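Structure data follow from entry-v5.pdb (PDB, C-alpha atoms, pLDDT in the B column):
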```pdb
ATOM      1  CA  MET A   1      72.864  49.494 113.090  1.00 62.00           C
ATOM      2  CA  THR A   2      74.403  51.596 110.330  1.00 62.00           C
ATOM      3  CA  ASP A   3      78.223  51.506 110.323  1.00 66.00           C
ATOM      4  CA  VAL A   4      78.809  55.164 109.413  1.00 61.00           C
ATOM      5  CA  GLN A   5      82.602  55.105 109.702  1.00 66.00           C
ATOM      6  CA  ASN A   6      82.736  52.215 107.234  1.00 69.00           C
ATOM      7  CA  GLN A   7      80.998  54.286 104.562  1.00 70.00           C
ATOM      8  CA  PRO A   8      83.001  55.020 101.393  1.00 72.00           C
ATOM      9  CA  ASP A   9      84.886  58.303 101.003  1.00 65.00           C
ATOM     10  CA  LEU A  10      85.317  59.863  97.560  1.00 63.00           C
ATOM     11  CA  ARG A  11      88.013  62.491  98.278  1.00 81.00           C
ATOM     12  CA  GLY A  12      90.858  60.092  97.427  1.00 75.00           C
ATOM     13  CA  ILE A  13      93.076  60.897 100.426  1.00 81.00           C
ATOM     14  CA  LYS A  14      94.850  58.083 102.255  1.00 86.00           C
ATOM     15  CA  ILE A  15      95.425  59.071 105.886  1.00 86.00           C
ATOM     16  CA  LYS A  16      98.854  58.044 107.170  1.00 92.00           C
ATOM     17  CA  ARG A  17      97.939  58.088 110.873  1.00 91.00           C
ATOM     18  CA  THR A  18      94.565  58.099 112.559  1.00 93.00           C
ATOM     19  CA  GLY A  19      93.639  56.652 115.935  1.00 93.00           C
ATOM     20  CA  VAL A  20      93.623  57.478 119.628  1.00 95.00           C
ATOM     21  CA  THR A  21      95.852  59.574 121.903  1.00 96.00           C
ATOM     22  CA  LYS A  22      96.132  60.087 125.668  1.00 97.00           C
ATOM     23  CA  VAL A  23      94.847  56.602 126.420  1.00 97.00           C
ATOM     24  CA  HIS A  24      95.689  55.924 130.085  1.00 98.00           C
ATOM     25  CA  LEU A  25      95.970  52.254 131.040  1.00 98.00           C
ATOM     26  CA  PRO A  26      97.845  50.088 133.546  1.00 97.00           C
ATOM     27  CA  PHE A  27     100.607  48.137 131.828  1.00 97.00           C
ATOM     28  CA  LEU A  28     103.125  45.561 133.054  1.00 97.00           C
ATOM     29  CA  ILE A  29     106.556  46.431 131.666  1.00 96.00           C
ATOM     30  CA  SER A  30     109.068  43.598 131.535  1.00 95.00           C
ATOM     31  CA  ASP A  31     112.779  44.487 131.504  1.00 93.00           C
ATOM     32  CA  GLY A  32     115.491  41.890 131.954  1.00 84.00           C
ATOM     33  CA  GLY A  33     113.025  39.446 133.495  1.00 83.00           C
ATOM     34  CA  LYS A  34     111.779  41.984 136.067  1.00 91.00           C
ATOM     35  CA  VAL A  35     108.131  43.031 135.686  1.00 95.00           C
ATOM     36  CA  GLN A  36     107.046  46.485 136.848  1.00 96.00           C
ATOM     37  CA  PRO A  37     103.465  47.827 136.923  1.00 97.00           C
ATOM     38  CA  VAL A  38     103.214  51.292 135.339  1.00 97.00           C
ATOM     39  CA  ALA A  39     100.556  53.843 134.434  1.00 97.00           C
ATOM     40  CA  ALA A  40     100.980  54.229 130.677  1.00 97.00           C
ATOM     41  CA  GLN A  41      99.881  57.029 128.385  1.00 98.00           C
ATOM     42  CA  ILE A  42      99.438  55.692 124.867  1.00 98.00           C
ATOM     43  CA  ARG A  43      99.133  57.055 121.342  1.00 97.00           C
ATOM     44  CA  PHE A  44      97.991  54.342 118.892  1.00 97.00           C
ATOM     45  CA  THR A  45      97.463  55.048 115.206  1.00 96.00           C
ATOM     46  CA  VAL A  46      96.952  53.238 111.907  1.00 95.00           C
ATOM     47  CA  ALA A  47      96.765  54.159 108.241  1.00 93.00           C
ATOM     48  CA  LEU A  48      93.321  54.569 106.675  1.00 88.00           C
ATOM     49  CA  ALA A  49      92.636  53.669 103.034  1.00 85.00           C
ATOM     50  CA  ASP A  50      91.582  56.518 100.747  1.00 78.00           C
ATOM     51  CA  ASN A  51      88.171  54.941 100.119  1.00 80.00           C
ATOM     52  CA  LEU A  52      87.137  54.607 103.790  1.00 81.00           C
ATOM     53  CA  ARG A  53      85.571  57.386 105.865  1.00 82.00           C
ATOM     54  CA  GLY A  54      86.885  56.414 109.305  1.00 72.00           C
ATOM     55  CA  THR A  55      88.847  53.795 111.213  1.00 78.00           C
ATOM     56  CA  HIS A  56      87.542  51.559 114.015  1.00 81.00           C
ATOM     57  CA  MET A  57      89.002  53.418 116.996  1.00 85.00           C
ATOM     58  CA  SER A  58      87.163  51.228 119.496  1.00 88.00           C
ATOM     59  CA  ARG A  59      89.145  48.253 118.201  1.00 92.00           C
ATOM     60  CA  LEU A  60      92.383  50.032 119.081  1.00 94.00           C
ATOM     61  CA  VAL A  61      91.227  50.532 122.678  1.00 95.00           C
ATOM     62  CA  GLU A  62      90.008  46.929 122.867  1.00 95.00           C
ATOM     63  CA  LEU A  63      93.373  45.691 121.625  1.00 94.00           C
ATOM     64  CA  LEU A  64      95.267  47.773 124.171  1.00 96.00           C
ATOM     65  CA  THR A  65      93.004  46.621 126.993  1.00 96.00           C
ATOM     66  CA  ASP A  66      93.766  42.990 126.114  1.00 95.00           C
ATOM     67  CA  TRP A  67      97.486  43.718 126.606  1.00 95.00           C
ATOM     68  CA  THR A  68      97.064  45.144 130.121  1.00 96.00           C
ATOM     69  CA  THR A  69      96.962  41.680 131.685  1.00 94.00           C
ATOM     70  CA  GLN A  70     100.301  40.376 130.398  1.00 94.00           C
ATOM     71  CA  PRO A  71     103.910  41.606 130.718  1.00 95.00           C
ATOM     72  CA  VAL A  72     105.054  43.755 127.801  1.00 95.00           C
ATOM     73  CA  ALA A  73     108.750  43.574 126.904  1.00 93.00           C
ATOM     74  CA  ILE A  74     110.284  45.605 124.092  1.00 92.00           C
ATOM     75  CA  PRO A  75     109.898  42.811 121.457  1.00 92.00           C
ATOM     76  CA  ASP A  76     106.180  42.573 122.343  1.00 94.00           C
ATOM     77  CA  VAL A  77     105.598  46.012 120.836  1.00 96.00           C
ATOM     78  CA  GLU A  78     105.790  44.356 117.409  1.00 95.00           C
ATOM     79  CA  LYS A  79     103.076  41.870 118.446  1.00 96.00           C
ATOM     80  CA  ILE A  80     100.796  44.764 119.414  1.00 96.00           C
ATOM     81  CA  LEU A  81     101.370  46.379 116.025  1.00 97.00           C
ATOM     82  CA  LEU A  82     100.765  43.098 114.182  1.00 96.00           C
ATOM     83  CA  ASP A  83      97.463  42.779 116.060  1.00 95.00           C
ATOM     84  CA  ALA A  84      96.522  46.243 114.810  1.00 95.00           C
ATOM     85  CA  LEU A  85      97.406  45.414 111.188  1.00 95.00           C
ATOM     86  CA  ASP A  86      95.214  42.320 111.399  1.00 93.00           C
ATOM     87  CA  LYS A  87      92.209  43.607 113.351  1.00 92.00           C
ATOM     88  CA  LEU A  88      91.948  46.925 111.515  1.00 89.00           C
ATOM     89  CA  SER A  89      92.833  45.600 108.033  1.00 89.00           C
ATOM     90  CA  THR A  90      95.482  48.267 107.512  1.00 92.00           C
ATOM     91  CA  ASP A  91      98.994  48.351 106.082  1.00 93.00           C
ATOM     92  CA  PHE A  92     100.622  50.577 108.739  1.00 96.00           C
ATOM     93  CA  ALA A  93     100.459  50.910 112.526  1.00 97.00           C
ATOM     94  CA  ALA A  94     102.372  53.008 115.069  1.00 97.00           C
ATOM     95  CA  ILE A  95     102.362  53.188 118.849  1.00 98.00           C
ATOM     96  CA  SER A  96     103.864  55.278 121.629  1.00 98.00           C
ATOM     97  CA  ILE A  97     103.742  53.922 125.192  1.00 98.00           C
ATOM     98  CA  ALA A  98     104.997  56.503 127.702  1.00 98.00           C
ATOM     99  CA  PHE A  99     105.432  55.760 131.405  1.00 98.00           C
ATOM    100  CA  LYS A 100     107.486  56.355 134.531  1.00 97.00           C
ATOM    101  CA  TYR A 101     109.999  53.562 135.013  1.00 96.00           C
ATOM    102  CA  PHE A 102     111.590  53.083 138.434  1.00 96.00           C
ATOM    103  CA  THR A 103     115.206  52.016 138.816  1.00 94.00           C
ATOM    104  CA  GLU A 104     116.602  50.786 142.111  1.00 94.00           C
ATOM    105  CA  LYS A 105     119.326  52.978 143.590  1.00 95.00           C
ATOM    106  CA  LEU A 106     121.714  52.066 146.386  1.00 95.00           C
ATOM    107  CA  SER A 107     123.059  54.998 148.433  1.00 96.00           C
ATOM    108  CA  PRO A 108     126.860  55.062 147.927  1.00 95.00           C
ATOM    109  CA  VAL A 109     127.919  54.768 151.596  1.00 97.00           C
ATOM    110  CA  SER A 110     124.924  53.762 153.738  1.00 97.00           C
ATOM    111  CA  SER A 111     123.639  51.329 151.062  1.00 97.00           C
ATOM    112  CA  LYS A 112     120.044  52.460 151.604  1.00 97.00           C
ATOM    113  CA  VAL A 113     117.684  51.270 148.857  1.00 97.00           C
ATOM    114  CA  SER A 114     115.451  53.779 147.057  1.00 96.00           C
ATOM    115  CA  LEU A 115     113.600  54.095 143.746  1.00 95.00           C
ATOM    116  CA  SER A 116     114.373  56.707 141.097  1.00 95.00           C
ATOM    117  CA  ALA A 117     111.783  57.617 138.443  1.00 95.00           C
ATOM    118  CA  VAL A 118     112.826  57.878 134.797  1.00 96.00           C
ATOM    119  CA  ASP A 119     110.543  59.013 131.960  1.00 97.00           C
ATOM    120  CA  CYS A 120     110.465  56.210 129.408  1.00 98.00           C
ATOM    121  CA  GLU A 121     108.789  55.752 126.038  1.00 98.00           C
ATOM    122  CA  PHE A 122     108.434  52.799 123.657  1.00 97.00           C
ATOM    123  CA  LEU A 123     107.953  53.964 120.047  1.00 97.00           C
ATOM    124  CA  GLY A 124     107.159  51.407 117.370  1.00 96.00           C
ATOM    125  CA  GLU A 125     106.182  51.623 113.689  1.00 96.00           C
ATOM    126  CA  LEU A 126     105.365  48.724 111.382  1.00 96.00           C
ATOM    127  CA  GLU A 127     104.537  48.472 107.674  1.00 95.00           C
ATOM    128  CA  ARG A 128     102.765  45.304 106.568  1.00 93.00           C
ATOM    129  CA  GLY A 129     105.360  42.811 105.373  1.00 91.00           C
ATOM    130  CA  GLY A 130     108.220  44.807 106.889  1.00 92.00           C
ATOM    131  CA  ARG A 131     110.223  44.912 110.107  1.00 91.00           C
ATOM    132  CA  MET A 132     109.293  47.058 113.052  1.00 93.00           C
ATOM    133  CA  THR A 133     111.241  50.253 113.609  1.00 93.00           C
ATOM    134  CA  PHE A 134     111.659  50.602 117.385  1.00 95.00           C
ATOM    135  CA  THR A 135     112.888  53.608 119.341  1.00 96.00           C
ATOM    136  CA  LEU A 136     113.484  53.754 123.085  1.00 97.00           C
ATOM    137  CA  GLY A 137     113.084  57.197 124.635  1.00 97.00           C
ATOM    138  CA  LEU A 138     114.594  57.981 128.044  1.00 98.00           C
ATOM    139  CA  SER A 139     114.998  61.109 130.204  1.00 97.00           C
ATOM    140  CA  VAL A 140     117.715  60.456 132.773  1.00 97.00           C
ATOM    141  CA  PRO A 141     118.652  62.911 135.595  1.00 96.00           C
ATOM    142  CA  PHE A 142     122.064  63.425 137.198  1.00 96.00           C
ATOM    143  CA  THR A 143     124.214  66.169 138.776  1.00 95.00           C
ATOM    144  CA  SER A 144     126.565  68.467 136.866  1.00 95.00           C
ATOM    145  CA  LEU A 145     129.263  70.714 138.374  1.00 95.00           C
ATOM    146  CA  CYS A 146     130.722  73.640 136.421  1.00 93.00           C
ATOM    147  CA  PRO A 147     134.487  73.356 135.660  1.00 94.00           C
ATOM    148  CA  CYS A 148     134.807  77.128 135.147  1.00 93.00           C
ATOM    149  CA  SER A 149     133.156  77.891 138.488  1.00 93.00           C
ATOM    150  CA  LYS A 150     135.477  75.461 140.249  1.00 92.00           C
ATOM    151  CA  GLU A 151     138.554  76.960 138.563  1.00 91.00           C
ATOM    152  CA  ILE A 152     137.887  80.596 139.407  1.00 93.00           C
ATOM    153  CA  SER A 153     136.324  80.280 142.881  1.00 92.00           C
ATOM    154  CA  ASP A 154     138.187  80.187 146.183  1.00 89.00           C
ATOM    155  CA  PHE A 155     135.331  78.185 147.737  1.00 89.00           C
ATOM    156  CA  GLY A 156     133.048  75.643 146.093  1.00 86.00           C
ATOM    157  CA  ALA A 157     131.570  75.567 142.600  1.00 91.00           C
ATOM    158  CA  HIS A 158     128.023  75.888 141.315  1.00 93.00           C
ATOM    159  CA  ASN A 159     126.284  72.625 140.589  1.00 92.00           C
ATOM    160  CA  GLN A 160     122.779  71.642 139.559  1.00 93.00           C
ATOM    161  CA  ARG A 161     120.478  68.906 138.460  1.00 94.00           C
ATOM    162  CA  SER A 162     120.783  68.010 134.785  1.00 96.00           C
ATOM    163  CA  LEU A 163     118.744  65.928 132.385  1.00 96.00           C
ATOM    164  CA  CYS A 164     119.790  63.821 129.418  1.00 97.00           C
ATOM    165  CA  ARG A 165     117.086  62.934 126.898  1.00 97.00           C
ATOM    166  CA  VAL A 166     117.875  60.187 124.398  1.00 98.00           C
ATOM    167  CA  LYS A 167     116.054  58.462 121.563  1.00 97.00           C
ATOM    168  CA  LEU A 168     117.691  55.157 120.638  1.00 97.00           C
ATOM    169  CA  THR A 169     116.826  53.230 117.462  1.00 95.00           C
ATOM    170  CA  PHE A 170     117.952  49.621 117.150  1.00 92.00           C
ATOM    171  CA  LYS A 171     119.070  47.190 114.454  1.00 88.00           C
ATOM    172  CA  ASP A 172     118.506  44.260 116.813  1.00 84.00           C
ATOM    173  CA  LEU A 173     116.262  44.196 119.898  1.00 84.00           C
ATOM    174  CA  GLY A 174     117.947  41.204 121.502  1.00 79.00           C
ATOM    175  CA  GLY A 175     119.137  42.079 124.993  1.00 77.00           C
ATOM    176  CA  VAL A 176     117.921  45.692 124.938  1.00 87.00           C
ATOM    177  CA  SER A 177     117.376  46.795 128.545  1.00 91.00           C
ATOM    178  CA  ILE A 178     115.870  50.000 129.969  1.00 94.00           C
ATOM    179  CA  ASP A 179     117.861  49.596 133.156  1.00 94.00           C
ATOM    180  CA  LYS A 180     121.132  49.112 131.265  1.00 94.00           C
ATOM    181  CA  PHE A 181     120.739  52.369 129.331  1.00 96.00           C
ATOM    182  CA  VAL A 182     119.675  54.340 132.397  1.00 96.00           C
ATOM    183  CA  ARG A 183     122.877  53.219 134.166  1.00 96.00           C
ATOM    184  CA  LEU A 184     125.008  54.007 131.121  1.00 96.00           C
ATOM    185  CA  ILE A 185     123.620  57.530 130.720  1.00 96.00           C
ATOM    186  CA  GLU A 186     123.558  58.612 134.377  1.00 95.00           C
ATOM    187  CA  ALA A 187     127.222  57.595 134.709  1.00 95.00           C
ATOM    188  CA  GLN A 188     128.197  60.391 132.289  1.00 96.00           C
ATOM    189  CA  GLY A 189     127.255  63.261 134.624  1.00 95.00           C
ATOM    190  CA  SER A 190     129.437  64.741 137.362  1.00 96.00           C
ATOM    191  CA  ALA A 191     127.639  62.507 139.873  1.00 96.00           C
ATOM    192  CA  GLU A 192     124.534  60.355 140.117  1.00 95.00           C
ATOM    193  CA  ILE A 193     121.309  61.503 141.760  1.00 94.00           C
ATOM    194  CA  PHE A 194     119.878  59.467 144.638  1.00 95.00           C
ATOM    195  CA  PRO A 195     116.351  59.799 146.073  1.00 95.00           C
ATOM    196  CA  LEU A 196     117.601  58.749 149.516  1.00 96.00           C
ATOM    197  CA  LEU A 197     120.849  60.069 151.049  1.00 94.00           C
ATOM    198  CA  LYS A 198     122.066  59.960 154.638  1.00 96.00           C
ATOM    199  CA  ARG A 199     124.699  62.484 155.824  1.00 96.00           C
ATOM    200  CA  GLU A 200     127.623  60.252 154.858  1.00 97.00           C
ATOM    201  CA  ASP A 201     126.089  59.708 151.402  1.00 96.00           C
ATOM    202  CA  GLU A 202     125.566  63.441 150.849  1.00 95.00           C
ATOM    203  CA  LYS A 203     129.218  64.098 151.660  1.00 96.00           C
ATOM    204  CA  PHE A 204     130.272  61.381 149.213  1.00 96.00           C
ATOM    205  CA  VAL A 205     128.080  62.628 146.349  1.00 95.00           C
ATOM    206  CA  THR A 206     129.000  66.291 146.850  1.00 94.00           C
ATOM    207  CA  GLU A 207     132.710  65.507 146.818  1.00 95.00           C
ATOM    208  CA  ALA A 208     132.364  63.118 143.885  1.00 95.00           C
ATOM    209  CA  ALA A 209     130.749  65.861 141.781  1.00 95.00           C
ATOM    210  CA  TYR A 210     133.424  68.365 142.825  1.00 94.00           C
ATOM    211  CA  GLN A 211     136.136  65.970 141.669  1.00 95.00           C
ATOM    212  CA  ASN A 212     134.370  65.386 138.326  1.00 96.00           C
ATOM    213  CA  PRO A 213     133.394  68.812 136.895  1.00 96.00           C
ATOM    214  CA  LYS A 214     131.734  68.816 133.466  1.00 96.00           C
ATOM    215  CA  PHE A 215     130.254  71.386 131.096  1.00 94.00           C
ATOM    216  CA  VAL A 216     127.006  70.435 129.363  1.00 96.00           C
ATOM    217  CA  GLU A 217     129.147  69.862 126.232  1.00 97.00           C
ATOM    218  CA  ASP A 218     131.402  67.462 128.170  1.00 96.00           C
ATOM    219  CA  ILE A 219     128.410  65.442 129.297  1.00 97.00           C
ATOM    220  CA  LEU A 220     126.959  65.325 125.783  1.00 97.00           C
ATOM    221  CA  ARG A 221     130.245  64.121 124.284  1.00 97.00           C
ATOM    222  CA  ASP A 222     130.634  61.483 126.987  1.00 97.00           C
ATOM    223  CA  VAL A 223     127.105  60.176 126.315  1.00 97.00           C
ATOM    224  CA  VAL A 224     127.777  60.085 122.565  1.00 97.00           C
ATOM    225  CA  THR A 225     131.066  58.209 123.109  1.00 97.00           C
ATOM    226  CA  ALA A 226     129.331  55.667 125.360  1.00 97.00           C
ATOM    227  CA  LEU A 227     126.467  55.108 122.890  1.00 96.00           C
ATOM    228  CA  ARG A 228     128.857  54.576 119.978  1.00 96.00           C
ATOM    229  CA  ARG A 229     130.174  51.514 121.808  1.00 94.00           C
ATOM    230  CA  VAL A 230     126.730  49.876 122.158  1.00 93.00           C
ATOM    231  CA  GLU A 231     126.227  46.949 119.793  1.00 89.00           C
ATOM    232  CA  GLY A 232     122.940  46.807 117.901  1.00 89.00           C
ATOM    233  CA  LEU A 233     122.216  50.546 117.896  1.00 92.00           C
ATOM    234  CA  ALA A 234     121.150  51.907 114.491  1.00 93.00           C
ATOM    235  CA  ALA A 235     120.884  55.595 115.417  1.00 96.00           C
ATOM    236  CA  PHE A 236     120.580  57.896 118.385  1.00 97.00           C
ATOM    237  CA  ALA A 237     119.625  61.458 119.273  1.00 98.00           C
ATOM    238  CA  VAL A 238     120.851  63.070 122.501  1.00 98.00           C
ATOM    239  CA  GLU A 239     119.908  66.275 124.314  1.00 97.00           C
ATOM    240  CA  CYS A 240     121.579  67.419 127.537  1.00 97.00           C
ATOM    241  CA  GLU A 241     120.232  70.269 129.650  1.00 96.00           C
ATOM    242  CA  ASN A 242     121.663  71.784 132.830  1.00 94.00           C
ATOM    243  CA  PHE A 243     119.138  73.602 135.019  1.00 92.00           C
ATOM    244  CA  GLU A 244     121.638  76.294 136.003  1.00 90.00           C
ATOM    245  CA  SER A 245     121.705  77.276 139.677  1.00 90.00           C
ATOM    246  CA  ILE A 246     123.313  80.738 139.269  1.00 90.00           C
ATOM    247  CA  HIS A 247     121.639  81.802 135.990  1.00 91.00           C
ATOM    248  CA  ASN A 248     118.013  82.339 135.010  1.00 91.00           C
ATOM    249  CA  HIS A 249     118.575  80.284 131.862  1.00 95.00           C
ATOM    250  CA  ASN A 250     119.571  76.677 131.177  1.00 91.00           C
ATOM    251  CA  ALA A 251     122.651  75.340 129.387  1.00 94.00           C
ATOM    252  CA  PHE A 252     121.898  72.997 126.463  1.00 97.00           C
ATOM    253  CA  ALA A 253     123.678  70.756 123.943  1.00 97.00           C
ATOM    254  CA  ALA A 254     122.377  68.227 121.397  1.00 98.00           C
ATOM    255  CA  HIS A 255     123.715  65.718 118.873  1.00 97.00           C
ATOM    256  CA  GLU A 256     122.426  62.878 116.687  1.00 96.00           C
ATOM    257  CA  GLU A 257     124.027  60.123 114.639  1.00 95.00           C
ATOM    258  CA  ILE A 258     123.159  57.294 112.281  1.00 94.00           C
ATOM    259  CA  LEU A 259     125.506  54.367 112.965  1.00 87.00           C
TER     260      LEU A 259
END
```
Could you write out this file's structure as C-alpha cells?
Amino acid sequence: MTDVQNQPDLRGIKIKRTGVTKVHLPFLISDGGKVQPVAAQIRFTVALADNLRGTHMSRLVELLTDWTTQPVAIPDVEKILLDALDKLSTDFAAISIAFKYFTEKLSPVSSKVSLSAVDCEFLGELERGGRMTFTLGLSVPFTSLCPCSKEISDFGAHNQRSLCRVKLTFKDLGGVSIDKFVRLIEAQGSAEIFPLLKREDEKFVTEAAYQNPKFVEDILRDVVTALRRVEGLAAFAVECENFESIHNHNAFAAHEEIL
C-alpha cells in the first residue's frame, strides 16, 4: 500500500510539534512505591523534518498503549520520550499526561480515611542527545478565611474553598513525589479540605481556619517560601485563587521564579 504520509514535502518547513491530543488511556502511576490506576488524557507530539509530509501518528498511539501495562513513575517519562525519538526517527518529542491523582486524607479528630482528588499533569520534553525537561503540574484545594472579615465582624468571618495551581520544573528528579508536594501546598491555606468529616472534625476544621486567616496574597507568599526551600527545583510558577463566598468575583494572585 502507498505510504502517503511518508511522501516528500517541498515547502521547506520543519514542524516543531505534530502528533495526537486527547488520547484517553488507563495508566498506572507510581509515586513513592505506591501504584495508582488512573484515567489519563494525553497529548503526545514530535518534530517533523521539513522534507516529510506527515508523521506516523499510529506509532504514537501504539507506543502509549504499550506503556499502559506497567507502572509509570516520573523518571519513566524520559523512557517514553526516548521510545518516540527512536520509533519515529525524530529529534524532538514532548508529552503531557494529565490525570486525577488521589491522596489519602485522615479526618483530624475521628481519623476517618477518605480520598481527595488532585488534578495532576506530567509534562516532558526531550531533544535528541539532551536531557529531559520535566514539569509537574498540580491543582491543590484548601480553605481560606479572610483576615479583614474576621477583624471587622462581631460574629464569624467569610471563608471559601481555594485552589493553588503550580508548575514545578526540576534539576534532579530523584525523590520527586506527587504526594509530598500536595501535602506541602495544602498546608499553606487557612485549613485543609477533607472529603469526609464527622461533627467533631467539622468543628476542628472550622476553628482551625478561623485561627489562621489568610488573604490570597498571604497564601501565595507562603507557597513561594515553601517551594524555595525544596532541593532540586529549577523553577516554579504559582497561581492562587479564592472562590469568594460573599463576592461574585474571585480573588487571585500569581508568581513565578527561576531558582
10 Å contact set for segment 156-163 of chain A, only C-alpha atoms, chain neighbours under 3 positions out, as a ChimeraX atom specification: /A:138-153,166,185-186,189-193,206,209-210,213-214,216,219,239-246,250-252
With all atoms listed in the file as the atoms that count, which of A:Ala254, A:Ala73, A:Leu123, A:Val118 lies nearest to Gly174 of chain A? A:Ala73
Run the PyMOL selection byres ((chain A and resi 36) around 9) on the file and write out the hits as an mmCIF file with C-alpha atoms, keeping the file's coordinate frame.
```cif
data_model
loop_
_atom_site.group_PDB
_atom_site.id
_atom_site.type_symbol
_atom_site.label_atom_id
_atom_site.label_comp_id
_atom_site.auth_asym_id
_atom_site.auth_seq_id
_atom_site.Cartn_x
_atom_site.Cartn_y
_atom_site.Cartn_z
ATOM 1 C CA PHE A 27 100.607 48.137 131.828
ATOM 2 C CA LEU A 28 103.125 45.561 133.054
ATOM 3 C CA ILE A 29 106.556 46.431 131.666
ATOM 4 C CA SER A 30 109.068 43.598 131.535
ATOM 5 C CA ASP A 31 112.779 44.487 131.504
ATOM 6 C CA LYS A 34 111.779 41.984 136.067
ATOM 7 C CA VAL A 35 108.131 43.031 135.686
ATOM 8 C CA PRO A 37 103.465 47.827 136.923
ATOM 9 C CA VAL A 38 103.214 51.292 135.339
ATOM 10 C CA PRO A 71 103.910 41.606 130.718
ATOM 11 C CA TYR A 101 109.999 53.562 135.013
ATOM 12 C CA PHE A 102 111.590 53.083 138.434
#
```
Reference answer for the PyMOL selection byres ((chain A and resi 119-122) around 12), as a compact mmCIF listing (two decimals) with C-alpha atoms, keeping the file's coordinate frame:
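To be explicit, this is the file written out as out.txt:
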```
# COMPACT_ATOMS: atom_id res chain seq x y z
CA ILE A 29 106.56 46.43 131.67
CA VAL A 38 103.21 51.29 135.34
CA ALA A 39 100.56 53.84 134.43
CA ALA A 40 100.98 54.23 130.68
CA GLN A 41 99.88 57.03 128.38
CA ILE A 42 99.44 55.69 124.87
CA ARG A 43 99.13 57.06 121.34
CA PHE A 44 97.99 54.34 118.89
CA VAL A 72 105.05 43.76 127.80
CA ALA A 73 108.75 43.57 126.90
CA ILE A 74 110.28 45.60 124.09
CA PRO A 75 109.90 42.81 121.46
CA ASP A 76 106.18 42.57 122.34
CA VAL A 77 105.60 46.01 120.84
CA GLU A 78 105.79 44.36 117.41
CA ILE A 80 100.80 44.76 119.41
CA ALA A 94 102.37 53.01 115.07
CA ILE A 95 102.36 53.19 118.85
CA SER A 96 103.86 55.28 121.63
CA ILE A 97 103.74 53.92 125.19
CA ALA A 98 105.00 56.50 127.70
CA PHE A 99 105.43 55.76 131.40
CA LYS A 100 107.49 56.36 134.53
CA TYR A 101 110.00 53.56 135.01
CA PHE A 102 111.59 53.08 138.43
CA THR A 103 115.21 52.02 138.82
CA SER A 116 114.37 56.71 141.10
CA ALA A 117 111.78 57.62 138.44
CA VAL A 118 112.83 57.88 134.80
CA LEU A 123 107.95 53.96 120.05
CA GLY A 124 107.16 51.41 117.37
CA GLU A 125 106.18 51.62 113.69
CA THR A 133 111.24 50.25 113.61
CA PHE A 134 111.66 50.60 117.38
CA THR A 135 112.89 53.61 119.34
CA LEU A 136 113.48 53.75 123.08
CA GLY A 137 113.08 57.20 124.64
CA LEU A 138 114.59 57.98 128.04
CA SER A 139 115.00 61.11 130.20
CA VAL A 140 117.72 60.46 132.77
CA PRO A 141 118.65 62.91 135.60
CA LEU A 163 118.74 65.93 132.38
CA CYS A 164 119.79 63.82 129.42
CA ARG A 165 117.09 62.93 126.90
CA VAL A 166 117.88 60.19 124.40
CA LYS A 167 116.05 58.46 121.56
CA LEU A 168 117.69 55.16 120.64
CA THR A 169 116.83 53.23 117.46
CA PHE A 170 117.95 49.62 117.15
CA VAL A 176 117.92 45.69 124.94
CA SER A 177 117.38 46.80 128.54
CA ILE A 178 115.87 50.00 129.97
CA ASP A 179 117.86 49.60 133.16
CA PHE A 181 120.74 52.37 129.33
CA VAL A 182 119.68 54.34 132.40
```
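Taking atom CA of Leu220 of chain A and atom CA of Leu196 of chain A as endpoints, the distance between them is 26.3 Å.
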Report the residues retrieved by the PyMOL selection byres ((chain A and resi 197) around 12) from the displayed file, expressed as a list in words.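 Given this file, the PyMOL selection byres ((chain A and resi 197) around 12) evaluates to Lys105, Leu106, Ser107, Pro108, Val109, Ser110, Ser111, Lys112, Val113, Ser114, Leu115, Glu192, Ile193, Phe194, Pro195, Leu196, Lys198, Arg199, Glu200, Asp201, Glu202, Lys203, Phe204, Val205 and Thr206 of chain A.
Residue nearest Glu217 of chain A within the list A:Gly12, A:Ala47, A:Ala253, A:Leu259: A:Ala253 [criterion: smallest interatomic distance, only C-alpha atoms].
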Centre and size of axis-aligned box enclosing segment 7-24 of chain A plus 3 Å each side, as lines of an AutoDock Vina configuration file:
```
center_x = 89.9
center_y = 58.4
center_z = 113.8
size_x = 23.9
size_y = 14.2
size_z = 38.7
```
One number please: atom CA of Thr18 of chain A to atom CA of Gln70 of chain A, in Å, one decimal.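 Computing the Euclidean distance for atom CA of Thr18 of chain A and atom CA of Gln70 of chain A yields 25.8 Å.
Among the candidates A:Ala208, A:Met57, A:Val238, A:Ala49, the one nearest to Val23 of chain A when counting only C-alpha atoms is A:Met57.
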Show me, as number ranges by chain, the residues that have an atom within 12 Å of segment 50-56 of chain A when counting all atoms listed in the file, minus same-chain residues fewer than 3 positions from it. A: 3-20, 44-47, 59-63, 84-85, 87-90
Emit the selected residues as a compact mmCIF listing (two decimals), in the frame of the given file, including C-alpha atoms.
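Generated file (part.txt):
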```
# COMPACT_ATOMS: atom_id res chain seq x y z
CA ASP A 3 78.22 51.51 110.32
CA VAL A 4 78.81 55.16 109.41
CA GLN A 5 82.60 55.10 109.70
CA ASN A 6 82.74 52.22 107.23
CA GLN A 7 81.00 54.29 104.56
CA PRO A 8 83.00 55.02 101.39
CA ASP A 9 84.89 58.30 101.00
CA LEU A 10 85.32 59.86 97.56
CA ARG A 11 88.01 62.49 98.28
CA GLY A 12 90.86 60.09 97.43
CA ILE A 13 93.08 60.90 100.43
CA LYS A 14 94.85 58.08 102.26
CA ILE A 15 95.42 59.07 105.89
CA LYS A 16 98.85 58.04 107.17
CA ARG A 17 97.94 58.09 110.87
CA THR A 18 94.56 58.10 112.56
CA GLY A 19 93.64 56.65 115.94
CA VAL A 20 93.62 57.48 119.63
CA PHE A 44 97.99 54.34 118.89
CA THR A 45 97.46 55.05 115.21
CA VAL A 46 96.95 53.24 111.91
CA ALA A 47 96.76 54.16 108.24
CA ARG A 59 89.14 48.25 118.20
CA LEU A 60 92.38 50.03 119.08
CA VAL A 61 91.23 50.53 122.68
CA GLU A 62 90.01 46.93 122.87
CA LEU A 63 93.37 45.69 121.62
CA ALA A 84 96.52 46.24 114.81
CA LEU A 85 97.41 45.41 111.19
CA LYS A 87 92.21 43.61 113.35
CA LEU A 88 91.95 46.92 111.52
CA SER A 89 92.83 45.60 108.03
CA THR A 90 95.48 48.27 107.51
```
